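Enquirer: To be precise about what I am sending: the file is called query.tsv and holds TSV, C-alpha atoms.
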chain	number	residue	atom	x	y	z
E	1	MET	CA	27.58	47.18	-27.40
E	2	LYS	CA	26.72	43.50	-26.88
E	3	LYS	CA	26.31	44.09	-23.14
E	4	ILE	CA	23.99	47.06	-23.78
E	5	LEU	CA	21.83	44.95	-26.10
E	6	PHE	CA	21.74	42.13	-23.53
E	7	LEU	CA	20.67	44.54	-20.76
E	8	LEU	CA	17.97	46.02	-23.01
E	9	LYS	CA	16.64	42.54	-23.83
E	10	LEU	CA	16.76	41.55	-20.16
E	11	THR	CA	14.85	44.70	-19.16
E	12	LEU	CA	12.09	43.81	-21.62
E	13	LEU	CA	11.93	40.25	-20.27
E	14	LEU	CA	11.72	41.43	-16.66
E	15	CYS	CA	8.80	43.75	-17.48
E	16	SER	CA	6.63	40.64	-17.94
E	17	PHE	CA	6.74	40.06	-14.16
E	18	THR	CA	5.02	43.29	-13.12
E	19	GLY	CA	1.56	41.70	-12.92
E	20	LEU	CA	2.67	39.17	-10.30
E	21	THR	CA	2.53	39.64	-6.53
E	22	GLN	CA	6.09	39.62	-5.21
E	23	PRO	CA	7.46	40.07	-1.70
E	24	LYS	CA	8.24	43.60	-0.55
E	25	TYR	CA	10.36	43.02	2.55
E	26	PHE	CA	13.07	40.59	3.58
E	27	ILE	CA	14.45	39.46	6.93
E	28	PHE	CA	18.14	40.23	7.52
E	29	GLU	CA	20.56	39.61	10.35
E	30	LYS	CA	23.08	42.02	11.83
E	31	LYS	CA	25.15	41.33	14.95
E	32	GLY	CA	22.76	38.59	16.02
E	33	LYS	CA	19.62	40.75	15.66
E	34	LEU	CA	16.97	40.68	12.93
E	35	GLY	CA	15.31	43.44	10.93
E	36	LEU	CA	13.66	44.04	7.55
E	37	VAL	CA	14.91	45.56	4.30
E	38	ASP	CA	13.07	46.50	1.11
E	39	LEU	CA	13.87	45.47	-2.48
E	40	GLN	CA	16.68	48.05	-2.71
E	41	GLY	CA	18.32	46.69	0.43
E	42	LYS	CA	17.27	49.72	2.49
E	43	THR	CA	16.53	49.06	6.16
E	44	VAL	CA	12.81	49.58	6.87
E	45	LEU	CA	12.71	47.90	10.29
E	46	ALA	CA	15.82	48.24	12.42
E	47	PRO	CA	17.63	45.03	13.46
E	48	THR	CA	16.58	45.03	17.11
E	49	PHE	CA	14.61	41.78	17.25
E	50	ASN	CA	15.56	38.28	18.34
E	51	SER	CA	13.09	36.72	15.91
E	52	ILE	CA	10.94	37.78	12.96
E	53	GLU	CA	8.42	35.54	11.22
E	54	GLU	CA	6.53	36.35	8.06
E	55	LYS	CA	2.96	35.11	8.50
E	56	GLN	CA	0.99	36.52	5.57
E	57	PRO	CA	-0.20	39.22	5.68
E	58	TYR	CA	1.80	40.06	8.81
E	59	PHE	CA	5.30	40.14	10.27
E	60	ILE	CA	5.57	38.98	13.88
E	61	ALA	CA	8.67	40.46	15.51
E	62	CYS	CA	9.86	39.53	19.01
E	63	SER	CA	12.41	41.04	21.34
E	64	LYS	CA	13.52	39.54	24.64
E	65	THR	CA	13.26	42.93	26.33
E	66	LYS	CA	10.17	44.46	24.68
E	67	GLY	CA	8.17	41.36	23.81
E	68	CYS	CA	6.39	40.60	20.53
E	69	SER	CA	4.68	42.97	18.09
E	70	VAL	CA	2.72	42.54	14.85
E	71	TYR	CA	3.20	44.62	11.70
E	72	ASN	CA	0.98	44.52	8.63
E	73	GLY	CA	2.11	44.33	4.99
E	74	ASN	CA	2.82	48.08	4.98
E	75	LEU	CA	4.86	47.75	8.20
E	76	GLN	CA	2.26	49.57	10.25
E	77	LEU	CA	2.19	48.43	13.87
E	78	VAL	CA	-1.14	46.65	14.44
E	79	LEU	CA	-0.42	44.96	17.78
E	80	LYS	CA	2.09	46.42	20.19
E	81	GLY	CA	4.66	44.47	22.17
E	82	GLY	CA	4.32	43.13	25.67
E	83	TYR	CA	3.49	39.51	24.87
E	84	ASN	CA	5.98	36.65	25.20
E	85	SER	CA	4.75	35.12	21.93
E	86	ILE	CA	2.17	35.80	19.22
E	87	GLU	CA	0.69	33.39	16.68
E	88	LEU	CA	-1.92	33.82	13.97
E	89	GLY	CA	-5.45	32.96	15.05
E	90	CYS	CA	-8.68	33.29	13.08
E	91	GLU	CA	-8.87	36.09	10.52
E	92	GLY	CA	-7.76	39.37	12.05
E	93	GLN	CA	-7.02	37.73	15.42
E	94	PHE	CA	-3.93	36.56	17.30
E	95	ILE	CA	-3.17	33.92	19.89
E	96	VAL	CA	-1.01	35.66	22.49
E	97	LYS	CA	1.02	34.40	25.45
E	98	LYS	CA	2.06	36.29	28.55
E	99	ASN	CA	3.49	34.96	31.81
E	100	GLY	CA	2.75	31.39	30.75
E	101	LYS	CA	-0.94	32.01	29.94
E	102	TYR	CA	-2.64	32.18	26.55
E	103	GLY	CA	-5.46	34.35	25.23
E	104	VAL	CA	-6.83	35.72	21.96
E	105	VAL	CA	-6.95	39.36	20.88
E	106	SER	CA	-8.06	41.15	17.72
E	107	GLU	CA	-5.99	43.43	15.48
E	108	LYS	CA	-7.40	46.38	17.42
E	109	GLY	CA	-6.45	44.83	20.75
E	110	ALA	CA	-9.97	43.72	21.75
E	111	VAL	CA	-9.93	40.67	24.03
E	112	ILE	CA	-11.64	37.66	22.43
E	113	LEU	CA	-10.43	35.13	25.03
E	114	PRO	CA	-8.74	36.28	28.27
E	115	LEU	CA	-5.17	35.42	29.20
E	116	LYS	CA	-5.91	32.44	31.42
E	117	TYR	CA	-5.51	29.26	29.36
E	118	SER	CA	-2.58	26.85	29.37
E	119	GLU	CA	-2.88	26.32	25.59
E	120	ILE	CA	-4.92	27.62	22.64
E	121	ASN	CA	-5.04	26.36	19.05
E	122	SER	CA	-7.06	27.78	16.18
E	123	ASN	CA	-9.16	26.21	13.45
E	124	LYS	CA	-10.93	27.91	10.53
E	125	ASN	CA	-13.48	29.73	12.69
E	126	GLY	CA	-12.69	29.07	16.33
E	127	TYR	CA	-10.36	27.83	19.04
E	128	THR	CA	-9.68	24.77	21.13
E	129	VAL	CA	-8.60	25.85	24.62
E	130	THR	CA	-6.96	23.97	27.47
E	131	LEU	CA	-7.49	24.76	31.14
E	132	ASN	CA	-6.60	22.51	34.07
E	133	GLU	CA	-5.77	19.68	31.62
E	134	LYS	CA	-9.26	19.78	30.11
E	135	MET	CA	-10.21	21.06	26.66
E	136	GLY	CA	-13.18	22.91	25.21
E	137	LEU	CA	-14.19	24.73	22.04
E	138	PHE	CA	-14.97	28.43	21.42
E	139	ASN	CA	-15.93	30.25	18.24
E	140	SER	CA	-14.04	33.26	16.86
E	141	GLU	CA	-16.34	35.63	18.79
E	142	GLY	CA	-15.31	34.05	22.08
E	143	LYS	CA	-18.57	32.17	22.61
E	144	GLU	CA	-18.34	28.75	24.26
E	145	ILE	CA	-19.45	25.96	21.89
E	146	ILE	CA	-18.24	22.92	23.87
E	147	PRO	CA	-17.54	23.26	27.62
E	148	ILE	CA	-14.03	22.66	28.93
E	149	SER	CA	-14.59	19.07	30.00
E	150	TYR	CA	-12.75	16.77	27.58
E	151	ARG	CA	-9.27	15.29	27.66
E	152	TRP	CA	-8.88	16.22	24.00
E	153	ILE	CA	-11.03	17.88	21.34
E	154	TYR	CA	-10.54	18.93	17.72
E	155	THR	CA	-12.31	19.98	14.52
E	156	ASP	CA	-11.09	21.76	11.36
E	157	LYS	CA	-14.19	23.94	11.39
E	158	ILE	CA	-17.09	24.61	13.78
E	159	ASP	CA	-20.18	23.51	11.85
E	160	ASP	CA	-23.45	21.97	13.01
E	161	ASN	CA	-23.07	19.32	10.28
E	162	ILE	CA	-19.48	18.31	11.08
E	163	PRO	CA	-18.86	16.03	14.11
E	164	ILE	CA	-16.13	17.09	16.52
E	165	ALA	CA	-13.44	14.63	17.60
E	166	ALA	CA	-13.33	14.31	21.40
E	167	LYS	CA	-11.62	12.15	24.00
E	168	LEU	CA	-13.16	11.05	27.28
E	169	ASP	CA	-12.02	8.34	29.71
E	170	GLY	CA	-9.18	7.21	27.45
E	171	LYS	CA	-11.27	6.64	24.31
E	172	GLU	CA	-12.09	8.91	21.39
E	173	GLY	CA	-15.28	9.45	19.41
E	174	TYR	CA	-17.37	12.32	18.02
E	175	ILE	CA	-19.78	14.86	19.47
E	176	ASN	CA	-21.96	17.50	17.81
E	177	THR	CA	-22.12	21.23	18.55
E	178	LYS	CA	-24.82	20.49	21.15
E	179	ASN	CA	-22.24	18.46	23.09
E	180	GLU	CA	-24.02	15.16	22.34
E	181	TRP	CA	-22.21	11.97	21.35
E	182	VAL	CA	-23.04	11.12	17.73
E	183	ILE	CA	-20.36	8.41	17.33
E	184	PRO	CA	-19.52	6.75	20.68
E	185	PRO	CA	-15.98	7.05	22.13
E	186	THR	CA	-14.60	3.61	21.30
E	187	TYR	CA	-11.49	4.45	19.25
E	188	ARG	CA	-7.83	4.75	20.13
E	189	ASP	CA	-7.41	7.83	17.84
E	190	ALA	CA	-10.14	9.78	16.05
E	191	PHE	CA	-9.19	12.46	13.52
E	192	ALA	CA	-11.13	15.38	12.05
E	193	PHE	CA	-13.99	14.82	9.61
E	194	ARG	CA	-13.25	16.11	6.11
E	195	GLN	CA	-15.73	15.81	3.24
E	196	GLY	CA	-17.80	13.42	5.34
E	197	LEU	CA	-14.95	11.01	6.16
E	198	ALA	CA	-12.70	10.70	9.21
E	199	LYS	CA	-9.56	8.68	9.75
E	200	ILE	CA	-9.52	6.23	12.67
E	201	ARG	CA	-6.56	4.48	14.28
E	202	GLU	CA	-7.08	1.37	16.38
E	203	VAL	CA	-4.71	-0.91	18.31
E	204	ARG	CA	-1.65	-2.16	16.42
E	205	ASP	CA	-1.87	0.95	14.21
E	206	TYR	CA	-4.80	-0.39	12.21
E	207	ILE	CA	-6.06	2.61	10.19
E	208	TYR	CA	-9.33	3.08	8.34
E	209	TYR	CA	-11.89	5.72	7.34
E	210	ILE	CA	-15.45	6.00	8.65
E	211	ASN	CA	-18.45	7.96	7.39
E	212	LEU	CA	-20.79	10.23	9.36
E	213	LYS	CA	-22.67	7.18	10.63
E	214	GLY	CA	-19.50	5.66	12.03
E	215	GLU	CA	-19.47	2.95	9.34
E	216	PRO	CA	-16.11	1.79	7.92
E	217	VAL	CA	-15.73	2.97	4.33
E	218	ILE	CA	-12.06	2.49	3.40
E	219	GLN	CA	-10.07	-0.19	5.23
E	220	ASP	CA	-6.94	-2.33	5.15
E	221	PHE	CA	-4.09	0.07	4.32
E	222	ASP	CA	-0.72	1.00	5.83
E	223	ALA	CA	-0.72	4.78	5.46
E	224	ASN	CA	-2.78	7.59	3.98
E	225	VAL	CA	-1.18	9.84	1.35
E	226	ILE	CA	-4.03	12.09	0.20
E	227	GLU	CA	-6.81	13.22	2.51
E	228	PRO	CA	-10.10	14.88	1.54
E	229	SER	CA	-10.15	18.69	1.73
E	230	ASP	CA	-12.16	21.65	0.48
E	231	ASN	CA	-11.27	20.82	-3.14
E	232	THR	CA	-10.24	17.16	-2.86
E	233	TYR	CA	-12.92	14.47	-3.08
E	234	ILE	CA	-10.71	11.39	-2.97
E	235	VAL	CA	-8.63	9.41	-0.50
E	236	GLY	CA	-5.19	8.12	-1.45
E	237	VAL	CA	-3.70	5.29	0.61
E	238	ARG	CA	-0.72	2.92	0.51
E	239	LYS	CA	-0.58	-0.79	1.16
E	240	GLU	CA	2.53	-2.88	0.58
E	241	CYS	CA	4.00	-0.38	-1.89
E	242	LYS	CA	0.81	-0.09	-3.91
E	243	TYR	CA	-1.14	3.16	-3.92
E	244	MET	CA	-4.92	3.11	-4.17
E	245	VAL	CA	-7.24	6.03	-4.89
E	246	TYR	CA	-10.84	5.82	-3.60
E	247	ASP	CA	-13.84	8.09	-3.93
E	248	LEU	CA	-15.70	9.29	-0.84
E	249	ASN	CA	-18.03	6.27	-0.95
E	250	GLY	CA	-15.13	3.85	-0.73
E	251	ASN	CA	-15.12	2.82	-4.39
E	252	LEU	CA	-11.67	2.00	-5.77
E	253	LEU	CA	-10.89	4.33	-8.67
E	254	ASP	CA	-7.39	3.16	-9.59
E	255	THR	CA	-4.14	1.64	-8.33
E	256	TYR	CA	-0.71	3.16	-8.90
E	257	ASN	CA	2.94	2.34	-8.25
E	258	LEU	CA	3.45	5.75	-6.67
E	259	LEU	CA	1.21	8.60	-5.58
E	260	ARG	CA	2.37	11.98	-4.33
E	261	ASN	CA	0.61	14.68	-2.35
E	262	ASN	CA	1.53	18.10	-3.69
E	263	TRP	CA	1.25	19.81	-0.25
E	264	SER	CA	-0.42	22.88	-1.76
E	265	ASP	CA	-3.94	24.21	-2.19
E	266	ASP	CA	-4.11	22.88	-5.74
E	267	ALA	CA	-5.90	19.54	-6.02
E	268	ILE	CA	-3.42	18.14	-8.55
E	269	PHE	CA	-1.55	14.96	-7.69
E	270	ALA	CA	1.30	13.20	-9.46
E	271	VAL	CA	0.82	9.45	-10.07
E	272	LYS	CA	3.06	6.76	-11.53
E	273	LYS	CA	2.20	3.50	-13.22
E	274	GLY	CA	4.17	1.30	-15.60
E	275	GLY	CA	7.27	3.46	-15.17
E	276	LYS	CA	5.56	6.67	-16.35
E	277	TRP	CA	4.23	9.71	-14.51
E	278	GLY	CA	1.10	11.80	-15.02
E	279	TYR	CA	-1.43	13.73	-12.93
E	280	ILE	CA	-4.90	13.27	-11.46
E	281	ASP	CA	-7.28	15.91	-10.12
E	282	GLY	CA	-9.22	16.18	-6.87
E	283	TYR	CA	-11.83	13.72	-8.18
E	284	GLY	CA	-9.25	11.07	-9.15
E	285	LYS	CA	-9.62	11.76	-12.88
E	286	VAL	CA	-6.47	11.56	-15.01
E	287	ILE	CA	-5.98	15.07	-16.36
E	288	ILE	CA	-2.47	14.59	-17.80
E	289	PRO	CA	-1.60	11.18	-19.33
E	290	LEU	CA	1.06	9.04	-17.69
E	291	GLU	CA	3.81	9.63	-20.25
E	292	TYR	CA	6.71	11.29	-18.41
E	293	GLU	CA	9.88	9.85	-16.88
E	294	GLU	CA	9.79	12.24	-13.90
E	295	VAL	CA	7.60	15.16	-12.84
E	296	GLY	CA	7.51	17.99	-10.33
E	297	ASN	CA	4.58	19.70	-8.65
E	298	PHE	CA	2.53	22.38	-10.37
E	299	SER	CA	3.40	25.92	-9.37
E	300	GLU	CA	2.09	29.12	-10.95
E	301	GLY	CA	0.33	27.02	-13.58
E	302	LEU	CA	3.37	25.05	-14.75
E	303	ALA	CA	5.04	21.77	-13.78
E	304	ALA	CA	8.52	20.50	-14.60
E	305	VAL	CA	8.54	17.21	-16.54
E	306	ARG	CA	11.25	14.97	-17.97
E	307	LYS	CA	10.89	13.17	-21.29
E	308	ASP	CA	13.60	11.42	-23.32
E	309	GLY	CA	16.10	12.50	-20.69
E	310	LYS	CA	15.38	16.24	-21.02
E	311	TRP	CA	13.44	18.67	-18.82
E	312	GLY	CA	10.81	21.28	-19.68
E	313	TYR	CA	7.47	22.61	-18.44
E	314	ILE	CA	3.85	21.81	-19.24
E	315	ASN	CA	0.57	23.49	-18.30
E	316	LEU	CA	-2.64	21.89	-17.03
E	317	LYS	CA	-3.69	21.15	-20.62
E	318	ASN	CA	-0.52	19.08	-21.09
E	319	GLU	CA	0.77	21.66	-23.52
E	320	VAL	CA	4.52	22.17	-23.60
E	321	VAL	CA	4.97	25.81	-22.55
E	322	ILE	CA	8.74	25.75	-22.06
E	323	PRO	CA	10.49	23.35	-24.48
E	324	ILE	CA	11.70	20.04	-23.09
E	325	GLU	CA	15.36	20.72	-23.78
E	326	PHE	CA	17.06	21.27	-20.41
E	327	THR	CA	19.68	18.60	-19.73
E	328	ASN	CA	19.65	18.98	-15.94
E	329	GLU	CA	16.91	19.26	-13.33
E	330	VAL	CA	14.83	22.44	-13.23
E	331	GLY	CA	13.06	24.04	-10.26
E	332	PHE	CA	9.50	25.12	-9.53
E	333	PHE	CA	8.24	28.61	-10.30
E	334	LYS	CA	8.04	31.24	-7.58
E	335	ASN	CA	7.28	34.93	-8.19
E	336	GLY	CA	7.41	34.19	-11.92
E	337	GLY	CA	10.93	32.74	-11.97
E	338	ALA	CA	12.46	29.27	-11.66
E	339	GLU	CA	15.96	27.92	-11.22
E	340	TYR	CA	17.58	25.84	-13.92
E	341	TYR	CA	20.84	24.00	-13.47
E	342	THR	CA	23.94	23.38	-15.56
E	343	ASP	CA	27.46	22.20	-14.83
E	344	ARG	CA	28.35	25.87	-14.30
E	345	GLY	CA	25.71	26.48	-11.64
E	346	ALA	CA	22.13	27.68	-11.24
E	347	GLY	CA	20.42	30.38	-13.31
E	348	LEU	CA	16.90	31.75	-13.75
E	349	ILE	CA	14.23	31.45	-16.42
E	350	ASN	CA	10.87	33.22	-16.64
E	351	LEU	CA	7.45	31.75	-17.36
E	352	LYS	CA	8.22	31.84	-21.08
E	353	GLY	CA	11.43	29.88	-20.65
E	354	GLU	CA	13.60	32.90	-21.40
E	355	ILE	CA	16.89	33.13	-19.52
E	356	ILE	CA	16.96	36.12	-17.17
E	357	ALA	CA	20.02	35.14	-15.10
E	358	GLU	CA	22.96	33.16	-16.37
E	359	PRO	CA	23.75	29.81	-14.65
E	360	LYS	CA	26.67	30.75	-12.41
E	361	TYR	CA	25.25	30.71	-8.88
E	362	ASP	CA	25.17	28.06	-6.15
E	363	SER	CA	21.48	28.88	-5.75
E	364	ILE	CA	19.25	31.71	-6.89
E	365	GLU	CA	15.61	32.48	-6.08
E	366	TYR	CA	13.77	35.06	-8.16
E	367	VAL	CA	12.11	37.95	-6.29
E	368	ASN	CA	11.17	40.86	-8.55
E	369	GLY	CA	12.57	42.86	-11.47
E	370	ASN	CA	16.32	42.27	-11.53
E	371	ILE	CA	16.42	41.24	-7.86
E	372	ALA	CA	16.97	37.71	-6.56
E	373	ILE	CA	18.13	35.97	-3.41
E	374	VAL	CA	21.56	34.45	-4.07
E	375	SER	CA	23.77	32.45	-1.72
E	376	PHE	CA	27.42	33.29	-1.16
E	377	ASN	CA	29.64	31.66	1.45
E	378	GLY	CA	26.76	30.18	3.44
E	379	TYR	CA	24.63	33.37	3.54
E	380	ASN	CA	21.78	34.58	1.39
E	381	TYR	CA	22.01	38.02	-0.16
E	382	LEU	CA	19.51	40.34	-1.78
E	383	TYR	CA	21.23	40.59	-5.15
E	384	ASP	CA	20.94	42.63	-8.34
E	385	PHE	CA	21.79	40.00	-10.96
E	386	VAL	CA	21.91	42.55	-13.81
E	387	LYS	CA	24.47	44.78	-12.11
E	388	GLU	CA	25.93	41.72	-10.33
E	389	LYS	CA	25.80	43.63	-7.06
E	390	LYS	CA	25.10	42.50	-3.50
E	391	LEU	CA	22.43	44.77	-2.03
E	392	LYS	CA	22.13	43.33	1.49
E	393	ARG	CA	23.25	40.27	3.40
E	394	LEU	CA	20.16	38.55	4.76
E	395	ARG	CA	20.64	35.44	6.89
E	396	LYS	CA	21.23	31.71	6.65
E	397	VAL	CA	18.06	30.57	4.94
E	398	LYS	CA	17.78	27.42	2.90
E	399	ILE	CA	16.53	28.03	-0.64
E	400	HIS	CA	14.52	25.03	-1.78
E	401	LYS	CA	15.04	23.64	-5.22
E	402	GLY	CA	12.34	21.94	-7.25
E	403	PHE	CA	10.99	18.81	-5.62
E	404	ILE	CA	11.20	15.73	-7.81
E	405	ALA	CA	9.53	12.50	-6.77
E	406	VAL	CA	11.76	9.74	-5.51
E	407	GLU	CA	10.27	6.27	-5.54
E	408	PRO	CA	10.50	4.57	-2.13
E	409	ARG	CA	12.24	1.26	-1.66
E	410	CYS	CA	9.90	-1.66	-1.41
E	411	ASP	CA	11.51	-4.75	0.03
Mind turning this structure into structure tokens?
Expert:
Amino acid sequence: MKKILFLLKLTLLLCSFTGLTQPKYFIFEKKGKLGLVDLQGKTVLAPTFNSIEEKQPYFIACSKTKGCSVYNGNLQLVLKGGYNSIELGCEGQFIVKKNGKYGVVSEKGAVILPLKYSEINSNKNGYTVTLNEKMGLFNSEGKEIIPISYRWIYTDKIDDNIPIAAKLDGKEGYINTKNEWVIPPTYRDAFAFRQGLAKIREVRDYIYYINLKGEPVIQDFDANVIEPSDNTYIVGVRKECKYMVYDLNGNLLDTYNLLRNNWSDDAIFAVKKGGKWGYIDGYGKVIIPLEYEEVGNFSEGLAAVRKDGKWGYINLKNEVVIPIEFTNEVGFFKNGGAEYYTDRGAGLINLKGEIIAEPKYDSIEYVNGNIAIVSFNGYNYLYDFVKEKKLKRLRKVKIHKGFIAVEPRCD
């Protein structure tokens, strides 16, 4: 009777996940070949491939004998095999390789750039191409923007208002989309402009930021930690174990003992000062006071924090959503579930802090409903944690636990 009541309660808890977007297919290995299974462990793509990569919203599957193919999220074939390799390009396009040459094709197989280049890399709306050890720039329609005449060239986005980093005669500088030098090539290394600033590296690894006029704005630091982006309007740098946050005009906003990039699209950064952690936003404003002993990154609206030796979760308003009562480290949320750890092993909680899987696994990653990825004997399995049943052996994939900041040594 107790087990029936527990299963009924667990079913009600798992219903709260239905509004989230969870993965549908999983890569598995059989006799050295890879295929795909669905949530029930049923094979939906036979294990005939040497490699499969999930590149949202596609799966790129490659075979040594038949080449590489692309499947969409419904496992419909959108680009047939025959290529030696395929990578994502601009939206709806792919960088393909055949017989040592690269080109670009669309989902429908239309040629954007012919198979003749020695290398192709994409940016947000175009491609840098290499031919005969020279580089040029094309847009996503295949139109030449910068002729193939530079030793090196790069930009995050083709835009008339954003200078393009280029290298000529051993020095780097910036050109515009008319192929005119706007900042002369005098630098050892010139990086892409973002939010009107670009990082420069000179001899002896001297690093600084310049503005669109080529004027130094932020100088005298050892390494950059946070760079400007579409939603980040600050620069975070380190010098002699101190972390400084500047605005885009080079004004110092604050200094911290530790600053961490969250490596996600959210412009929320963990900072530490006086032994306590908090968070700043993409403008450098403190949005969560520095009052925690340790913190994790925000994921699905929540972040793990430690206070008075216990762990719990807060939201962006600094409200405690899941009580700070876990003795051991907790993980970040993915698909609506997070690992929590005890001396008995790892279990799962949902976004309300309710236990949906008891702590008895080496590692467990929530997927959907009563399904998780659980490790046994060095392999990951698609696993029904209610029925305690292995559905399908997948492959040796590392399941990442929650990332907690570790303060670097400063001698």
Enquirer: So which residues touch E:Glu87 within 9 Å, counting only C-alpha atoms, skipping near sequence neighbours fewer than 5 positions away, as a ChimeraX atom specification?
Expert: /E:55,60,93-97
Enquirer: Just checking: using all atoms listed in the file, which residue out of E:Asn368, E:Thr232, E:Ser140, E:Ser363 ends up closest to E:Gly345?
Expert: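 Going through E:Asn368, E:Thr232, E:Ser140, E:Ser363 one by one, the smallest distance to E:Gly345 is for E:Ser363.
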Enquirer: Could you work out how far atom CA of E:Thr342 lies from atom CA of E:Lys307, giving the answer in Å with one decimal?
Expert: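 Separating atom CA of E:Lys307 from atom CA of E:Thr342 is a distance of 17.5 Å.
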Enquirer: Quick one: residues within 12 Å of E:Tyr174, only C-alpha atoms counted, chain neighbours fewer than 2 positions away excluded, as a ChimeraX atom specification?
Expert: /E:150,152-155,161-168,171-172,176-187,189-193,198-200,210-214
Enquirer: Just the residues within 8 Å of E:Tyr379, please, counting all atoms listed in the file, with nothing from its chain fewer than 4 positions along; format it as a CSV table (one decimal) with C-alpha atoms, in the coordinates of the input.
Expert:
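Result written to result-v3.csv:
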chain,number,residue,atom,x,y,z
E,375,SER,CA,23.8,32.4,-1.7
E,393,ARG,CA,23.2,40.3,3.4
E,394,LEU,CA,20.2,38.6,4.8
E,395,ARG,CA,20.6,35.4,6.9
E,396,LYS,CA,21.2,31.7,6.6
E,397,VAL,CA,18.1,30.6,4.9
Enquirer: Interatomic distance between atom CA of E:Asp230 and atom CA of E:Arg194?
Expert: 8.0 Å
